[in-house]
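What follows is a short report on a single structure.
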Amino acid sequence: MKKPVVKYLVIALVLISALAVVVGLKLAWKPVIPPALQSMGGDFSLQSDKGTVSLHDFRGKVTLVYFGYTHCPDVCPMALGVMGSAMQALPEDEGRRVAGVFISLDPRRDTPKVLAGYARFFDSRIVGLTGTPEVLDRIADDWRVGYSVPDAPVDANYAVEHSTFIYLVNPDGKVAALFDEQTSPDEIATAIRRWLD
Amino acid sequence: MKRILFILALLVLARPVAAAELTAHDAWVRLMPPVAQSSAAYMTLKNDSGVDVSVIGVTSDAASATDLHAMRMQNGRMIMFPMESVIVPAHGQFSFAPGGVHIMLMGLRQPLKPGQHVNVVLHLSDGESMQVQVPVRDMRKDGHRHMR
């Protein structure tokens with residue numbers, strides 16, 4: 001007696017879900033960069049343990065960028081953990097078209113070698129980069145990063161103040177979205193997929 | 001040197017039994033990349049007594065320096081600052097949590113390993129000390145598990 005009703009309900013649900021997926025794909029088709037982000041970011045060249053790496057090396061990929069330092073015990077590992085989890089949530093083919101960049105604002109303590117080991121821990125697609133204070137200042141200006149490194153000895157256990165955005169850079173090298181260490185990896189993964197179509 | 005002696009003295013004096021009414025729950029230390037020299041410990045302290053208890057200091061043999069740290073956003077920057085003490089209110093609780101007040105371990109003596117326990121000693125305003133064995137947790141795996 002009840003069975004046909006259940007059957008029709010299931011068919012209706014399947015149709016509605018299919019429609020929702022189609023509409024969802026349409027909506028997701030052309031992502032837009034919010035106006036507030038349009039003047040943010042820009043190309044840079046910094047040092048990795050394997051030589052110079054520039055943002056334009058990642059053209060065609062979606063890149064997550066984070067500024068921090070390795071002595072940061074709390075927010076930075078949270079943010080890098082979120083970045084790694086978001087990248088690992090992607091299917092394999094899309095996973096080949098994402099990259100991560102961790103830029104240390106503390107080049108006195110964070111050598112490219114240390115940074116390589118640090119970044120790799122969270123995901124093998126994340127590179128650790130740094131540069132001279134002058135270069136970092138210019139990039140920080142372009143990317144609206146506020147930071148300050150105290151004038152303390154290298155072994156003084158000092159903290160670096162810094163902004164805590166995770167930037168999503170689209171395949172054209174433009175900042176397209178901002179997240180932080182509180183964002184769910186799923187939300188970031190969804191945003192990455194939108195830009196990979 | 002004085003500081004080291006002081007820490008050693010505290011470690012020796014620290015008794016394993018804490019103020020009976022204060023208990024630590026859900027304690028964990030963040031597993032960091034092997035090259036990292038800092039980490040943070042988190043836990044919730046519950047106070048079942050009728051009087052406030054303050055944590056006035058923290059030490060650990062796993063790090064060369066241990067501090068209570070808090071964070072706040074200021075002009076778009078995350079600023080960390082040391083705290084003299086935190087209060088665990090009577091019949092209440094206080095949580096050291098990611099993105100909030102945390103126990104900062106600076107100058108790790110050895111890279112942390114998953115499953116390892118780190119000895120953390122909380123020094124309390126009533127003169128007592130409280131030892132907590134804090135397990136090291138790999139948050140990367142937890143991150144994956146939460147993913148749908």
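Going by the structure tokens order, chains are called A, B, ..., each with residues numbered from 1, while ligands are numbered from 1 in the order shown.
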
* Surrounding residues of B:Gln131 excluding itself and chain neighbours under 5 positions, 7 Å, only C-alpha atoms, as a list in words ->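 That gives Pro16, Asn119, Val120, Val121 and Leu122 of chain B.
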
Pick out the residues sitting within 12 Å of B:His117, and hand them over as a CSV table (one decimal) with N, CA and C atoms, in the first residue's frame; count only C-alpha atoms, and ignore anything fewer than 2 positions along from it in its own chain.
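See result.csv below for the written result:
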```
chain,number,residue,atom,x,y,z
B,27,ALA,N,43.4,17.4,27.2
B,27,ALA,CA,44.7,18.1,27.0
B,27,ALA,C,45.4,17.5,25.7
B,28,TRP,N,46.0,18.4,24.9
B,28,TRP,CA,46.8,17.9,23.8
B,28,TRP,C,47.8,19.0,23.4
B,29,VAL,N,48.9,18.5,22.8
B,29,VAL,CA,50.0,19.4,22.2
B,29,VAL,C,49.9,19.2,20.7
B,30,ARG,N,50.1,20.3,20.0
B,30,ARG,CA,50.1,20.2,18.5
B,30,ARG,C,51.4,19.6,18.0
B,31,LEU,N,51.3,18.5,17.2
B,31,LEU,CA,52.4,18.0,16.5
B,31,LEU,C,52.9,19.0,15.5
B,41,ALA,N,50.3,24.0,23.8
B,41,ALA,CA,49.5,23.0,24.5
B,41,ALA,C,48.1,23.6,24.8
B,60,SER,N,57.7,23.2,31.6
B,60,SER,CA,57.7,21.9,30.9
B,60,SER,C,59.1,21.5,30.6
B,61,ASP,N,59.5,20.3,30.8
B,61,ASP,CA,60.8,19.9,30.6
B,61,ASP,C,61.0,19.6,29.1
B,62,ALA,N,60.0,19.8,28.3
B,62,ALA,CA,60.1,19.6,26.8
B,62,ALA,C,60.6,20.8,26.1
B,112,LEU,N,58.7,16.9,18.6
B,112,LEU,CA,57.7,16.1,19.2
B,112,LEU,C,57.3,14.9,18.2
B,113,LYS,N,56.8,13.8,18.9
B,113,LYS,CA,56.4,12.7,18.1
B,113,LYS,C,55.0,12.4,18.4
B,114,PRO,N,54.2,11.9,17.4
B,114,PRO,CA,52.8,11.6,17.6
B,114,PRO,C,52.7,10.5,18.7
B,115,GLY,N,51.8,10.6,19.6
B,115,GLY,CA,51.6,9.6,20.6
B,115,GLY,C,52.4,9.9,21.9
B,119,ASN,N,55.2,16.5,29.5
B,119,ASN,CA,55.0,16.8,30.9
B,119,ASN,C,54.8,18.3,31.1
B,120,VAL,N,53.7,18.7,31.5
B,120,VAL,CA,53.4,20.2,31.7
B,120,VAL,C,53.0,20.4,33.1
B,131,GLN,N,50.6,18.5,37.8
B,131,GLN,CA,51.3,17.9,36.6
B,131,GLN,C,50.3,17.4,35.6
B,132,VAL,N,50.4,17.7,34.4
B,132,VAL,CA,49.5,17.1,33.4
B,132,VAL,C,50.4,16.4,32.3
B,133,GLN,N,50.1,15.2,32.0
B,133,GLN,CA,50.7,14.5,30.9
B,133,GLN,C,49.9,14.7,29.6
B,134,VAL,N,50.5,15.5,28.7
B,134,VAL,CA,49.7,16.0,27.6
B,134,VAL,C,50.1,15.2,26.3
B,135,PRO,N,49.2,14.5,25.7
B,135,PRO,CA,49.6,13.7,24.5
B,135,PRO,C,49.8,14.6,23.3
B,136,VAL,N,50.7,14.2,22.4
B,136,VAL,CA,50.9,15.0,21.2
B,136,VAL,C,49.9,14.5,20.1
B,137,ARG,N,49.3,15.5,19.5
B,137,ARG,CA,48.2,15.1,18.5
B,137,ARG,C,48.6,15.6,17.1
```

* To do: Find the distance between atom CA of A:Leu136 and atom CA of A:Leu105 and write it in Å to one decimal.
  => 6.8 Å

* **Within 8 Å of chain A: residues of chain B, using only C-alpha atoms, as a PyMOL selection string** => chain B and resi 32-40+76-80+98-99+102+104-107+139-140+143-144+147-148

* Asked: Which polymer residues have any atom within 9 Å of an atom of A:Ile33, counting only C-alpha atoms, with same-chain residues fewer than 2 positions away left out, as a ChimeraX atom specification?
  -> /A:31,35-38,174-177

* Structure fact -> From atom CA of B:His69 to atom CA of B:Pro82 the spacing works out at 4.4 Å

* To do: Within chain B, find each residue whose DSSP state, derived from the backbone, is helix (DSSP H, G or I), and express the selection as JSON, numbers by chain.
  => {"B": [2, 3, 4, 5, 6, 7, 8, 9, 10, 11, 12, 13, 139, 140, 141, 142, 143, 144, 145, 146]}

Dump as a CSV table (one decimal), in the first residue's frame, selection limited to C-alpha atoms:
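The file below, out.csv, is the result:
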```
chain,number,residue,atom,x,y,z
B,2,LYS,CA,69.3,31.4,37.2
B,3,ARG,CA,66.2,30.9,35.1
B,4,ILE,CA,67.2,27.3,34.3
B,5,LEU,CA,67.9,26.6,38.0
B,6,PHE,CA,64.6,28.1,38.9
B,7,ILE,CA,62.8,25.9,36.3
B,8,LEU,CA,64.7,22.8,37.6
B,9,ALA,CA,63.7,23.7,41.1
B,10,LEU,CA,60.1,24.0,40.2
B,11,LEU,CA,60.2,20.7,38.4
B,12,VAL,CA,61.7,19.0,41.4
B,13,LEU,CA,59.2,20.7,43.8
B,139,MET,CA,46.0,17.6,13.6
B,140,ARG,CA,46.5,16.8,10.0
B,141,LYS,CA,44.8,13.4,10.4
B,142,ASP,CA,42.0,15.0,12.4
B,143,GLY,CA,41.5,17.4,9.6
B,144,HIS,CA,41.0,14.6,7.1
B,145,ARG,CA,38.6,12.8,9.3
B,146,HIS,CA,36.3,15.8,9.6
```

* Hey, what does DSSP flag as strand (DSSP E or B) within chain B? Can you give it to me as a ChimeraX atom specification? -> /B:22-30,38-47,53-60,63-74,77-82,86-88,92-96,102-108,117-124,129-137

* **Shell around A:Thr63 at 7 Å using only C-alpha atoms, local window under 6 positions removed, as a ChimeraX atom specification** => /A:98-100,168-170

* To do: Just the residues within 10 Å of A:Arg193, please, counting only C-alpha atoms, with nothing from its chain fewer than 5 positions along; format it as a list in words.
  => Ala28, Val62, Leu90, Pro91, Glu94, Gly95, Arg97, Val98 and Ile188 of chain A

Mind dumping the selected residues with N, CA and C atoms as a short mmCIF file (atom, residue, chain, number, x, y, z; two decimals), in the first residue's frame?
```
data_model
loop_
_atom_site.label_atom_id
_atom_site.label_comp_id
_atom_site.auth_asym_id
_atom_site.auth_seq_id
_atom_site.Cartn_x
_atom_site.Cartn_y
_atom_site.Cartn_z
N ALA A 28 28.02 28.17 -10.40
CA ALA A 28 29.43 28.12 -10.07
C ALA A 28 30.30 28.36 -11.31
N VAL A 62 45.36 26.84 -9.11
CA VAL A 62 44.86 27.65 -8.01
C VAL A 62 45.87 27.54 -6.88
N LEU A 90 40.54 17.49 -2.49
CA LEU A 90 40.23 17.53 -3.93
C LEU A 90 40.46 16.17 -4.57
N PRO A 91 39.68 15.84 -5.61
CA PRO A 91 39.96 14.63 -6.37
C PRO A 91 41.33 14.75 -7.04
N GLU A 94 42.12 17.26 -9.97
CA GLU A 94 42.13 18.66 -9.54
C GLU A 94 43.26 18.92 -8.56
N GLY A 95 43.60 17.88 -7.82
CA GLY A 95 44.69 18.01 -6.86
C GLY A 95 46.03 18.31 -7.52
N ARG A 97 46.31 20.40 -9.84
CA ARG A 97 46.25 21.80 -10.31
C ARG A 97 46.10 22.79 -9.16
N VAL A 98 46.57 22.39 -7.97
CA VAL A 98 46.62 23.33 -6.85
C VAL A 98 48.04 23.39 -6.31
N ILE A 188 37.06 25.92 1.46
CA ILE A 188 38.17 26.33 0.59
C ILE A 188 38.25 25.40 -0.62
#
```

* To do: Just the residues within 9 Å of A:Gly42, please, counting only C-alpha atoms, with nothing from its chain fewer than 6 positions along; format it as an MDAnalysis selection string.
  => chainID A and resid 55 139 142:143 173:175

* **Residues near A:Thr52, cut-off 9 Å, only C-alpha atoms, skip fewer than 6 positions along chain, as a ChimeraX atom specification** => /A:45-46,129
